[in-house]
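Q: Before I ask anything, let me first share the structure, which is written out below as structure tokens.
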Protein chains: 2
Amino acid sequence: MPGILAGAIDLGGTKILSLVADDGGAIKGRDQRPTQAERGLDRVLGSMVESLRRACEDAGVGLDALHGIGVAVPGPIDLEAGVLASPPNLPGWNDVPLVRLLQERTRIPVLLENDANAAAVGEHAFGAGRGIRDMVFITISTGIGGGIIAGGRIYRGATGAAGEIGHMVVEPDGARCGCGRRGCLEGLASGTAIGRNGEHAARQGRSSALGEVLDKIGSVTAEDVSLAAQRGDTGAKEVLATAAKYLGIGLVTVVHLLNPQMIVIGGGASKIGDPLLGPAEAYMRSHAFPLLAAAVRIVPASTGDDAGALGAAALVLNRDLAESA
Amino acid sequence: MPGILAGAIDLGGTKILSLVADDGGAIKGRDQRPTQAERGLDRVLGSMVESLRRACEDAGVGLDALHGIGVAVPGPIDLEAGVLASPPNLPGWNDVPLVRLLQERTRIPVLLENDANAAAVGEHAFGAGRGIRDMVFITISTGIGGGIIAGGRIYRGATGAAGEIGHMVVEPDGARCGCGRRGCLEGLASGTAIGRNGEHAARQGRSSALGEVLDKIGSVTAEDVSLAAQRGDTGAKEVLATAAKYLGIGLVTVVHLLNPQMIVIGGGASKIGDPLLGPAEAYMRSHAFPLLAAAVRIVPASTGDDAGALGAAALVLNRDLAESA
């Protein structure tokens, strides 16, 4: 006899990932397909349900075997009303009552969580943060996001937006961030920022390796910077060192404010690994109060791209986790 | 018949404040006396017990009427062991087992909390933050400290040191803080920092009013800066504006990380009031995400110097508040 099963959908701007997971976090079924948000709400909703049905087939069960469906969506959301506000990467989606629409189509209870919080829960319930009481999850990809686990539960704050780690101010009047503000961590240390600064180094002739990339491709990504740095390119190494310093400053503030036992770092740009995360952690350890620095471990995320969907499943399977800490 | 009574002692570097409070936060008895830490541990302990006895007399009850004794102490502490580590303003107090020592002398259960967390609980239980779920308390005095209420409970973090708001980095490589690090909020916006920057302005001839103070007294305090600014002194106003900007940057980071419903601001230097707090709040409102800014109210603390002792009493009266969120 199988344990309780949860369905989970991670709705992103580019892809829909559906999982069927049991209460131990074992993935029993999976489906992934492109979002194609430009097709409009109705067809994307259809795709979401179809994707989840396919994941159920993969798991050898019907939709009706699911205890509930957790949906990770780009924030901000109105948790009480089950409404998705205006995610920047789902253009045209304004105040979508996603819980109601999905429940009508599936006849199964649906709950929403924003994707960064869901990923934090995923890492806490089934990943690197298992059993940790006070944990901070940081995802470094095109942007920087995060989620806070306080006392073993997701901490949402007043409007469910807590954990906007990318928009801590780490350099007043610093580089402009995608959000329009200046000096945000995201504008200085995200994958986007690393790529942009690599391109800048290339244009200024400070990196021959990135200059070649720029000539050939017309742009520079964080991955290009990482590869060039690995090959010893000084300009690329400087770009990573700058991002790492700002990440370190952000870590100091997180450690002083939240005194976590663990910081879990995931997201595409975090795959740069030690050349980025090593000096960031070293900066934190040399700049934070020794007692607080000694209390925190920094570890890579272990559930990869499944974190958001796994967290959404965890919230379905253990509603306690869904309560505000 | 009276309600349950708690004893509380706020042990500071300069004074011992004892209260007897009921479960509604009404203060039934009070005593205050100098700490005179230089007399050594034994005599200070004697003073603490004597002060609490006096507060009980003031309340018309005996020590044995107390449900427990909450003690607010300068951090860091070891909560589990009930041990006070090495507070900088109690020289010679190293790893003092304060819970045991006070229980031996009083035969009443004792619990410890660090003073910033206790003050946060005091404001939450009996002050400006009554009934607020997610609240941040910031105290601006010689230093800057704070405490986080998450889901109605004090959030302590891994070692009870969460809420070190004064040591968020708000200006990398900025002014040196008392903690030895650079760019901490405390080093840029505390009462000490405001006084020091006022003195600096006086020495540089940027403030005639503060120049006069410096000539007469030999030093400049935050209060001097506040008074000079009130009288229109440009240099003093600039000093306050700079501190307010850094405070605003700190508020942006707090709001983005914690998305609180309320930020309560107390402490001696916060009495400067609107000339400091007004522009700080305005900076936050114009630099934080509008949804998060709209969700938070910033209000002055309402329990004044009693916050720490009231919080210690609240922890005795409602142990639930003492559990990690």
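As shown in the structure tokens, the chain order sets the letters A, B, ...; within each chain, residues go from 1, and ligands are also counted from 1 in the order they appear.
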Counting only C-alpha atoms, which residues in chain B sit no more than 6 Å from chain A? For each one, give the nearest pair of atoms and the distance in Å, sorted by chain then residue number, as JSON lines.
A:
```
{"residue": "B:Gly151", "atom": "CA", "partner": "A:Ala325", "partner_atom": "CA", "distance": 5.0}
{"residue": "B:Gly157", "atom": "CA", "partner": "A:Asn259", "partner_atom": "CA", "distance": 4.8}
{"residue": "B:Ala158", "atom": "CA", "partner": "A:Gln261", "partner_atom": "CA", "distance": 5.2}
{"residue": "B:Ala162", "atom": "CA", "partner": "A:Leu258", "partner_atom": "CA", "distance": 4.7}
{"residue": "B:Gly163", "atom": "CA", "partner": "A:Leu257", "partner_atom": "CA", "distance": 4.5}
{"residue": "B:Glu164", "atom": "CA", "partner": "A:His256", "partner_atom": "CA", "distance": 5.0}
{"residue": "B:Ile165", "atom": "CA", "partner": "A:Leu257", "partner_atom": "CA", "distance": 5.8}
{"residue": "B:Met168", "atom": "CA", "partner": "A:Thr253", "partner_atom": "CA", "distance": 4.5}
{"residue": "B:Val169", "atom": "CA", "partner": "A:Thr253", "partner_atom": "CA", "distance": 5.9}
{"residue": "B:Thr253", "atom": "CA", "partner": "A:Met168", "partner_atom": "CA", "distance": 4.5}
{"residue": "B:His256", "atom": "CA", "partner": "A:Glu164", "partner_atom": "CA", "distance": 5.0}
{"residue": "B:Leu257", "atom": "CA", "partner": "A:Gly163", "partner_atom": "CA", "distance": 4.5}
{"residue": "B:Leu258", "atom": "CA", "partner": "A:Ala162", "partner_atom": "CA", "distance": 4.7}
{"residue": "B:Asn259", "atom": "CA", "partner": "A:Ala162", "partner_atom": "CA", "distance": 4.8}
{"residue": "B:Pro260", "atom": "CA", "partner": "A:Ala158", "partner_atom": "CA", "distance": 5.4}
{"residue": "B:Gln261", "atom": "CA", "partner": "A:Ala158", "partner_atom": "CA", "distance": 5.2}
{"residue": "B:Ser324", "atom": "CA", "partner": "A:Gly151", "partner_atom": "CA", "distance": 5.8}
{"residue": "B:Ala325", "atom": "CA", "partner": "A:Gly151", "partner_atom": "CA", "distance": 4.9}
```
Q: List the spatial neighbours of Pro91 of chain B as a PDB file with N, CA, C and O atoms, in the first residue's frame - criterion: any atom at most 10 Å away, only C-alpha atoms, same-chain residues fewer than 2 positions off excluded.
A:
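Saved result, around14.pdb, follows:
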```pdb
ATOM      1  N   GLY B  13      24.354  47.591  32.260  1.00  0.00           N
ATOM      2  CA  GLY B  13      25.693  47.943  32.697  1.00  0.00           C
ATOM      3  C   GLY B  13      25.671  49.055  33.739  1.00  0.00           C
ATOM      4  O   GLY B  13      26.540  49.126  34.607  1.00  0.00           O
ATOM      5  N   ALA B  37      28.841  47.511  38.635  1.00  0.00           N
ATOM      6  CA  ALA B  37      29.395  46.214  38.239  1.00  0.00           C
ATOM      7  C   ALA B  37      30.790  45.996  38.798  1.00  0.00           C
ATOM      8  O   ALA B  37      31.213  44.856  39.005  1.00  0.00           O
ATOM      9  N   GLU B  38      31.484  47.100  39.076  1.00  0.00           N
ATOM     10  CA  GLU B  38      32.863  46.984  39.561  1.00  0.00           C
ATOM     11  C   GLU B  38      32.932  46.325  40.941  1.00  0.00           C
ATOM     12  O   GLU B  38      34.003  45.880  41.374  1.00  0.00           O
ATOM     13  N   GLY B  40      31.789  43.539  41.654  1.00  0.00           N
ATOM     14  CA  GLY B  40      31.961  42.100  41.493  1.00  0.00           C
ATOM     15  C   GLY B  40      30.623  41.369  41.482  1.00  0.00           C
ATOM     16  O   GLY B  40      29.594  41.876  41.946  1.00  0.00           O
ATOM     17  N   LEU B  41      30.689  40.149  40.982  1.00  0.00           N
ATOM     18  CA  LEU B  41      29.504  39.345  40.735  1.00  0.00           C
ATOM     19  C   LEU B  41      28.626  39.166  41.977  1.00  0.00           C
ATOM     20  O   LEU B  41      27.415  39.384  41.936  1.00  0.00           O
ATOM     21  N   SER B  86      29.981  36.756  28.021  1.00  0.00           N
ATOM     22  CA  SER B  86      30.855  37.853  28.435  1.00  0.00           C
ATOM     23  C   SER B  86      30.316  39.186  27.931  1.00  0.00           C
ATOM     24  O   SER B  86      30.791  39.714  26.946  1.00  0.00           O
ATOM     25  N   PRO B  87      29.319  39.736  28.621  1.00  0.00           N
ATOM     26  CA  PRO B  87      28.758  41.002  28.141  1.00  0.00           C
ATOM     27  C   PRO B  87      29.805  42.112  28.260  1.00  0.00           C
ATOM     28  O   PRO B  87      30.448  42.243  29.312  1.00  0.00           O
ATOM     29  N   PRO B  88      29.994  42.910  27.195  1.00  0.00           N
ATOM     30  CA  PRO B  88      31.032  43.938  27.214  1.00  0.00           C
ATOM     31  C   PRO B  88      30.819  44.977  28.318  1.00  0.00           C
ATOM     32  O   PRO B  88      31.780  45.537  28.824  1.00  0.00           O
ATOM     33  N   ASN B  89      29.545  45.222  28.723  1.00  0.00           N
ATOM     34  CA  ASN B  89      29.345  46.248  29.753  1.00  0.00           C
ATOM     35  C   ASN B  89      29.223  45.682  31.175  1.00  0.00           C
ATOM     36  O   ASN B  89      28.820  46.370  32.101  1.00  0.00           O
ATOM     37  N   TRP B  93      32.392  39.481  34.079  1.00  0.00           N
ATOM     38  CA  TRP B  93      31.352  38.461  34.101  1.00  0.00           C
ATOM     39  C   TRP B  93      31.606  37.509  32.942  1.00  0.00           C
ATOM     40  O   TRP B  93      31.266  37.806  31.809  1.00  0.00           O
ATOM     41  N   ASN B  94      32.185  36.381  33.218  1.00  0.00           N
ATOM     42  CA  ASN B  94      32.443  35.422  32.152  1.00  0.00           C
ATOM     43  C   ASN B  94      31.727  34.118  32.445  1.00  0.00           C
ATOM     44  O   ASN B  94      31.973  33.495  33.470  1.00  0.00           O
TER      45      ASN B  94
END
```
